[in-house]
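S.K.: Sharing model39.txt below, compact mmCIF, C-alpha atoms:
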# COMPACT_ATOMS: atom_id res chain seq x y z
CA MET A 299 10.51 0.26 -3.53
CA GLY A 300 8.34 -2.01 -5.62
CA ILE A 301 4.57 -2.08 -5.17
CA VAL A 302 2.61 -5.31 -5.55
CA ASN A 303 -1.16 -4.83 -5.68
CA VAL A 304 -3.11 -8.04 -5.19
CA THR A 305 -6.50 -6.48 -5.84
CA PRO A 306 -8.93 -7.00 -8.73
CA ASP A 307 -9.58 -3.25 -8.97
CA SER A 308 -6.19 -1.57 -8.55
CA PHE A 309 -6.01 1.86 -10.16
CA SER A 310 -2.37 1.38 -11.12
CA ASP A 311 -2.38 -2.07 -12.69
CA GLY A 312 -6.01 -3.07 -13.21
CA GLY A 313 -5.77 -6.33 -11.24
CA ARG A 314 -2.94 -7.90 -13.28
CA TYR A 315 -1.27 -9.30 -10.14
CA LEU A 316 -4.27 -10.70 -8.27
CA GLU A 317 -3.10 -14.30 -8.81
CA PRO A 318 -0.16 -15.23 -6.52
CA GLY A 319 2.01 -16.48 -9.40
CA ALA A 320 1.58 -13.21 -11.29
CA ALA A 321 2.31 -11.20 -8.12
CA LEU A 322 5.52 -13.16 -7.48
CA ALA A 323 6.68 -12.78 -11.08
CA HIS A 324 6.02 -9.04 -10.83
CA ALA A 325 7.99 -8.89 -7.57
CA GLU A 326 10.88 -10.79 -9.14
CA ALA A 327 10.99 -8.35 -12.07
CA MET A 328 11.00 -5.35 -9.72
CA ILE A 329 13.77 -6.84 -7.59
CA ALA A 330 15.81 -7.54 -10.74
CA ALA A 331 15.25 -3.91 -11.77
CA GLY A 332 16.65 -2.69 -8.44
CA ALA A 333 13.80 -2.61 -5.92
CA ASP A 334 15.27 -2.91 -2.42
CA LEU A 335 11.95 -3.54 -0.68
CA LEU A 336 8.40 -4.48 -1.60
CA ASP A 337 5.08 -3.08 -0.43
CA VAL A 338 2.14 -5.46 -0.82
CA GLY A 339 -1.48 -4.31 -0.70
CA ALA A 340 -4.71 -6.28 -0.99
CA GLU A 341 -7.36 -3.55 -0.89
CA SER A 342 -7.76 -0.79 -3.43
CA THR A 343 -7.71 2.76 -2.10
CA ARG A 344 -8.56 4.37 -5.43
CA PRO A 345 -11.20 7.11 -5.55
CA GLY A 346 -14.66 5.63 -6.06
CA ARG A 347 -13.54 2.18 -4.96
CA PRO A 348 -16.11 -0.40 -3.90
CA ASP A 349 -16.89 -1.11 -0.26
CA PRO A 350 -13.90 -1.95 1.96
CA VAL A 351 -12.62 -5.51 1.77
CA PRO A 352 -13.22 -7.58 4.93
CA ALA A 353 -10.05 -8.50 6.82
CA GLY A 354 -10.51 -12.20 6.02
CA GLU A 355 -10.59 -11.51 2.28
CA GLU A 356 -7.63 -9.17 2.55
CA TRP A 357 -5.63 -11.89 4.30
CA ARG A 358 -6.77 -14.52 1.76
CA ARG A 359 -5.23 -12.36 -0.97
CA LEU A 360 -2.07 -11.53 0.97
CA GLU A 361 -1.13 -14.85 2.55
CA PRO A 362 0.04 -16.82 -0.52
CA VAL A 363 1.95 -13.84 -1.86
CA LEU A 364 3.68 -13.15 1.46
CA ARG A 365 4.59 -16.84 1.82
CA GLY A 366 6.00 -16.88 -1.71
CA LEU A 367 7.99 -13.71 -1.15
CA GLY A 368 9.45 -15.16 2.04
CA GLN A 369 10.42 -18.39 0.28
CA HIS A 370 11.81 -16.91 -2.94
CA PHE A 371 13.17 -13.56 -1.75
CA PRO A 372 14.05 -13.99 1.94
CA ASP A 373 16.50 -11.08 1.96
CA THR A 374 14.03 -8.55 0.55
CA PRO A 375 12.15 -6.51 3.17
CA VAL A 376 8.36 -6.54 2.75
CA SER A 377 5.77 -4.13 4.10
CA VAL A 378 2.00 -4.65 3.99
CA TYR A 379 -0.25 -1.76 3.07
CA THR A 380 -3.40 -2.07 5.19
CA VAL A 381 -5.61 -0.07 7.51
CA LYS A 382 -6.82 -3.13 9.43
CA SER A 383 -4.96 -4.10 12.60
CA GLU A 384 -6.26 -7.68 12.38
CA THR A 385 -4.54 -8.08 9.00
Output the file's structure as structure tokens, nothing else.

M.R.:
Amino acid sequence: MGIVNVTPDSFSDGGRYLEPGAALAHAEAMIAAGADLLDVGAESTRPGRPDPVPAGEEWRRLEPVLRGLGQHFPDTPVSVYTVKSET
């Protein structure tokens, strides 16, 4: 499984994949390396994180990445890491 964090404050990648193009390139590299599925998250869950991200902002971050994944990698399963049912 490959993990794509589209957050400015990710503890694992420091926000390197916040921009949709960077997130898609990262996904492509993970798929090429053997990832069978991708998990996409748009809110940091690191200790000491800032206030929770509103659902609208979470979706704003997720939507272009999810569209791109669907267009470029339609056979790769994708999960979304979220705690918000509206997302």

S.K.: Using all atoms listed in the file, can you tell me which of A:Pro352, A:Met299, A:Arg365, A:Ala340 comes closest to A:Gly319?

M.R.: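 Of A:Pro352, A:Met299, A:Arg365, A:Ala340, the one nearest A:Gly319, counting all atoms listed in the file, is A:Arg365.
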
S.K.: Could you check how far atom CA of A:Gly366 sits from atom CA of A:Ala320, in Å to one decimal?

M.R.: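 According to the coordinates, atom CA of A:Gly366 and atom CA of A:Ala320 are separated by 11.2 Å.
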
S.K.: For A:Ala331, which residue among A:Val363, A:Pro350, A:Gly300, A:Glu356 is the nearest when counting all atoms listed in the file?

M.R.: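 When distances to A:Ala331 are compared using all atoms listed in the file, the smallest one comes from A:Gly300.
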
S.K.: Skip A:Pro345 itself and residues of its chain fewer than 2 positions away, then list as a VMD selection string all residues within 12 Å of it, counting all atoms listed in the file.

M.R.: chain A and resid 307 to 310 342 to 343 347 to 349

S.K.: Could you tell me how far atom CA of A:Ile301 lies from atom CA of A:His324, in Å and to one decimal?

M.R.: 9.1 Å

S.K.: Using only C-alpha atoms, list the residues that have an atom at most 7 Å from (4.1, 2.2, 2.9), coordinates as in the file, as a CSV table (one decimal) with C-alpha atoms, in the frame of the given file.

M.R.:
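Final output, out_37.csv:
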chain,number,residue,atom,x,y,z
A,337,ASP,CA,5.1,-3.1,-0.4
A,377,SER,CA,5.8,-4.1,4.1
A,379,TYR,CA,-0.2,-1.8,3.1

S.K.: Report the distance between atom CA of A:Gly332 and atom CA of A:His370 in Å, rounded to one decimal place.

M.R.: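 Answer for the atom CA of A:Gly332 to atom CA of A:His370 separation: 16.0 Å.
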
S.K.: Please provide the set of residues having any atom within 10 Å of A:Leu367, restricted to only C-alpha atoms, with same-chain residues fewer than 5 positions apart removed, written as a ChimeraX atom specification.

M.R.: /A:318,321-322,325-326,336,361-362,372-376

S.K.: Do a neighbour search on A:Val338 at 6 Å with all atoms listed in the file, toss out local chain neighbours closer than 5 positions, and write the hits as JSON, numbers by chain.

M.R.: {"A": [302, 303, 378, 379]}

S.K.: Counting only C-alpha atoms, which residue out of A:Asp334, A:Arg344, A:Thr380, A:Gly339 sits closest to A:Leu360?

M.R.: A:Gly339

S.K.: Which residue, A:Gly354, A:Glu341, A:Leu364, A:Ala327, has the smallest gap to A:Val381 when you use only C-alpha atoms?

M.R.: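 Checking each candidate against A:Val381, we get A:Glu341 as the closest.
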
S.K.: Using only C-alpha atoms, which residue out of A:Arg359, A:Gly346, A:Ala323, A:Ile329 lies closest to A:Pro306?

M.R.: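 Once distances to A:Pro306 are computed over only C-alpha atoms, the minimum belongs to A:Arg359.
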
S.K.: Let me make sure I understand: among A:Lys382, A:Ala333, A:Gln369, A:Glu317, which one has the smallest atom-to-atom distance to A:Thr305 if we use only C-alpha atoms?

M.R.: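 For A:Thr305, the nearest of the given residues is A:Glu317.
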